[in-house]
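The next block holds one structure in the form of structure tokens; read it before the comments.
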Amino acid sequence: MKQMIFYPAHNFVQFTRRIAEVLIVTSWKVVRTSGETEPWWFFSDWEKDISEVKEYTNENEAFDQFLSLIQELREEYQHSKQKKNTVAFWNEDEKVFCEDCDDDLQLYHGLLLMEGETPKKLSDEEKEKMKAALEMPSSV
């Protein structure tokens, strides 16, 4: 007859949390969007504006790709604005027609860095690197 081992409930909860931490691999995503709102708004339907997602299991690779895309988009667009870990790029003449408001709206190209399913919190060093990438001279 097999002997059963019982653990107190609080130990079992701690055990399952630890297993989940070890087994669940955090992923980082570089997300590109294209739509009539800047990427930092996160309206309930913001995911409809996603045009590309690159997923990484290495945080440094994701951040390097994020910086590389910032530099690439700075070359392509006349304007940019950064808030937290998101950046919007646009050209004044790039508009989309809004049927509901019967008007042309600015088209924004967004770039986001996500940790799992939420925006990644940037370290001070990462913020400085992001700022430097945005301030690089553009040939547009």
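Ordered as shown in the structure tokens, chains take letters A, B, and onward, while each chain numbers its residues from 1 and ligands are numbered from 1 in the order shown.
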- [ ] Just the residues within 8 Å of Trp90 in chain A, please, counting only C-alpha atoms, with nothing from its chain fewer than 2 positions along; format it as a PyMOL selection string.
- [x] chain A and resi 77-80+88+92+94+106-109
Open item on the list: Please list as a PyMOL selection string every residue within 10 Å of Lys129 in chain A, counting only C-alpha atoms and excluding residues in the same chain fewer than 6 positions away.
Closed with: chain A and resi 63-64+67+123+135
Would you list the contacts of Ala133 in chain A as a compact mmCIF listing (two decimals) with N, CA and C atoms, in the first residue's frame, taking every protein, DNA or RNA residue within 10 Å and counting only C-alpha atoms, but skipping same-chain residues closer than 5 positions in sequence?
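selection-v8.txt, freshly written:
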```txt
# COMPACT_ATOMS: atom_id res chain seq x y z
N PHE A 66 13.97 46.91 -29.98
CA PHE A 66 13.14 48.10 -29.75
C PHE A 66 13.92 49.36 -30.13
N LEU A 67 15.16 49.47 -29.67
CA LEU A 67 16.00 50.63 -30.00
C LEU A 67 16.28 50.70 -31.50
N SER A 68 16.54 49.57 -32.09
CA SER A 68 16.81 49.51 -33.53
C SER A 68 15.61 50.00 -34.33
N LEU A 69 14.42 49.58 -33.92
CA LEU A 69 13.21 50.03 -34.62
C LEU A 69 12.94 51.51 -34.40
N ILE A 70 13.27 52.03 -33.23
CA ILE A 70 13.14 53.47 -32.99
C ILE A 70 13.99 54.22 -34.01
N GLN A 71 15.23 53.79 -34.17
CA GLN A 71 16.13 54.46 -35.11
C GLN A 71 15.61 54.34 -36.55
N GLU A 72 15.12 53.17 -36.90
CA GLU A 72 14.58 52.94 -38.24
C GLU A 72 13.36 53.84 -38.50
N ARG A 74 12.58 56.63 -36.95
CA ARG A 74 12.99 58.04 -36.95
C ARG A 74 13.42 58.46 -38.35
N LYS A 127 15.82 54.08 -20.15
CA LYS A 127 15.20 55.35 -20.51
C LYS A 127 16.19 56.26 -21.22
N GLU A 128 17.41 56.29 -20.71
CA GLU A 128 18.45 57.12 -21.33
C GLU A 128 18.78 56.63 -22.74
```
Task: Residue contacts of Tyr56 in chain A (7 Å, only C-alpha atoms) excluding same-chain residues fewer than 5 positions away, as a PyMOL selection string - done: chain A and resi 27-29+61-62
File dump, residues just selected, N, CA and C atoms, as an mmCIF file, in the first residue's frame:
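Result file out09.cif:
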```
data_model
loop_
_atom_site.group_PDB
_atom_site.id
_atom_site.type_symbol
_atom_site.label_atom_id
_atom_site.label_comp_id
_atom_site.auth_asym_id
_atom_site.auth_seq_id
_atom_site.Cartn_x
_atom_site.Cartn_y
_atom_site.Cartn_z
ATOM 1 N N SER A 27 8.175 36.494 -21.334
ATOM 2 C CA SER A 27 8.536 36.879 -22.689
ATOM 3 C C SER A 27 8.429 38.385 -22.814
ATOM 4 N N TRP A 28 9.182 38.915 -23.731
ATOM 5 C CA TRP A 28 9.148 40.335 -24.039
ATOM 6 C C TRP A 28 8.717 40.466 -25.478
ATOM 7 N N LYS A 29 7.948 41.503 -25.754
ATOM 8 C CA LYS A 29 7.427 41.708 -27.102
ATOM 9 C C LYS A 29 7.708 43.129 -27.549
ATOM 10 N N GLU A 61 17.747 41.244 -25.861
ATOM 11 C CA GLU A 61 17.475 41.170 -27.301
ATOM 12 C C GLU A 61 16.238 41.974 -27.655
ATOM 13 N N ALA A 62 15.206 41.874 -26.836
ATOM 14 C CA ALA A 62 13.969 42.630 -27.083
ATOM 15 C C ALA A 62 14.244 44.124 -27.021
#
```
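You can rank A:Val53, A:Val31, A:Glu125, A:Leu111 by their closest distance to Lys81 in chain A using only C-alpha atoms, and at the top of that list sits A:Leu111.
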Open item on the list: If we count only C-alpha atoms and set the cut-off at 12 Å, which residues sit around range 101-103 of chain A, ignoring sequence neighbours fewer than 5 positions away in its own chain? Please answer as a VMD selection string.
Closed with: chain A and resid 36 95 to 96
Would you put the residues from that selection into a file with N, CA and C atoms, as a PDB file, in the first residue's frame?
```
ATOM      1  N   GLU A  36      -5.286  55.563 -35.587  1.00  0.00           N
ATOM      2  CA  GLU A  36      -5.518  56.990 -35.369  1.00  0.00           C
ATOM      3  C   GLU A  36      -5.302  57.440 -33.928  1.00  0.00           C
ATOM      4  N   LYS A  95      -2.922  60.572 -43.414  1.00  0.00           N
ATOM      5  CA  LYS A  95      -4.211  60.653 -42.716  1.00  0.00           C
ATOM      6  C   LYS A  95      -5.060  59.429 -43.043  1.00  0.00           C
ATOM      7  N   VAL A  96      -6.036  59.165 -42.176  1.00  0.00           N
ATOM      8  CA  VAL A  96      -7.051  58.135 -42.421  1.00  0.00           C
ATOM      9  C   VAL A  96      -8.415  58.786 -42.240  1.00  0.00           C
TER      10      VAL A  96
END
```
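Each of A:Lys54, A:Asp49, A:Phe42, A:Thr86 was compared to Leu112 in chain A using only C-alpha atoms, and A:Thr86 turns out to be the nearest.
Each of A:Glu75, A:Glu52, A:Asp104, A:Leu113 was checked against Met136 in chain A using only C-alpha atoms; the smallest atom-to-atom distance is that of A:Glu75.
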- [ ] Apply DSSP to the backbone of this structure and, from range 89-136 of chain A, keep only the residues in strand (DSSP E or B); write these as an NGL selection string.
- [x] :A and (89-90 or 95-98 or 103-106 or 108-115 or 118-119)
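Note that CA of Asn58 in chain A and CA of Asn85 in chain A are 17.4 Å apart.
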TODO: Return as a count of residues only the full set of residues in range 26-126 of chain A whose backbone-based DSSP assignment is alpha helix (DSSP H).
DONE: 21
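Using only C-alpha atoms, the shortest contact distance between Leu73 in chain A and any of A:Phe97, A:Phe43, A:Arg32, A:Leu122 is found at A:Arg32.
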Open item on the list: So the first atom is CA of Asp124 in chain A and the second is CA of Thr33 in chain A; what is the distance between them in Å, to one decimal place?
Closed with: 24.9 Å
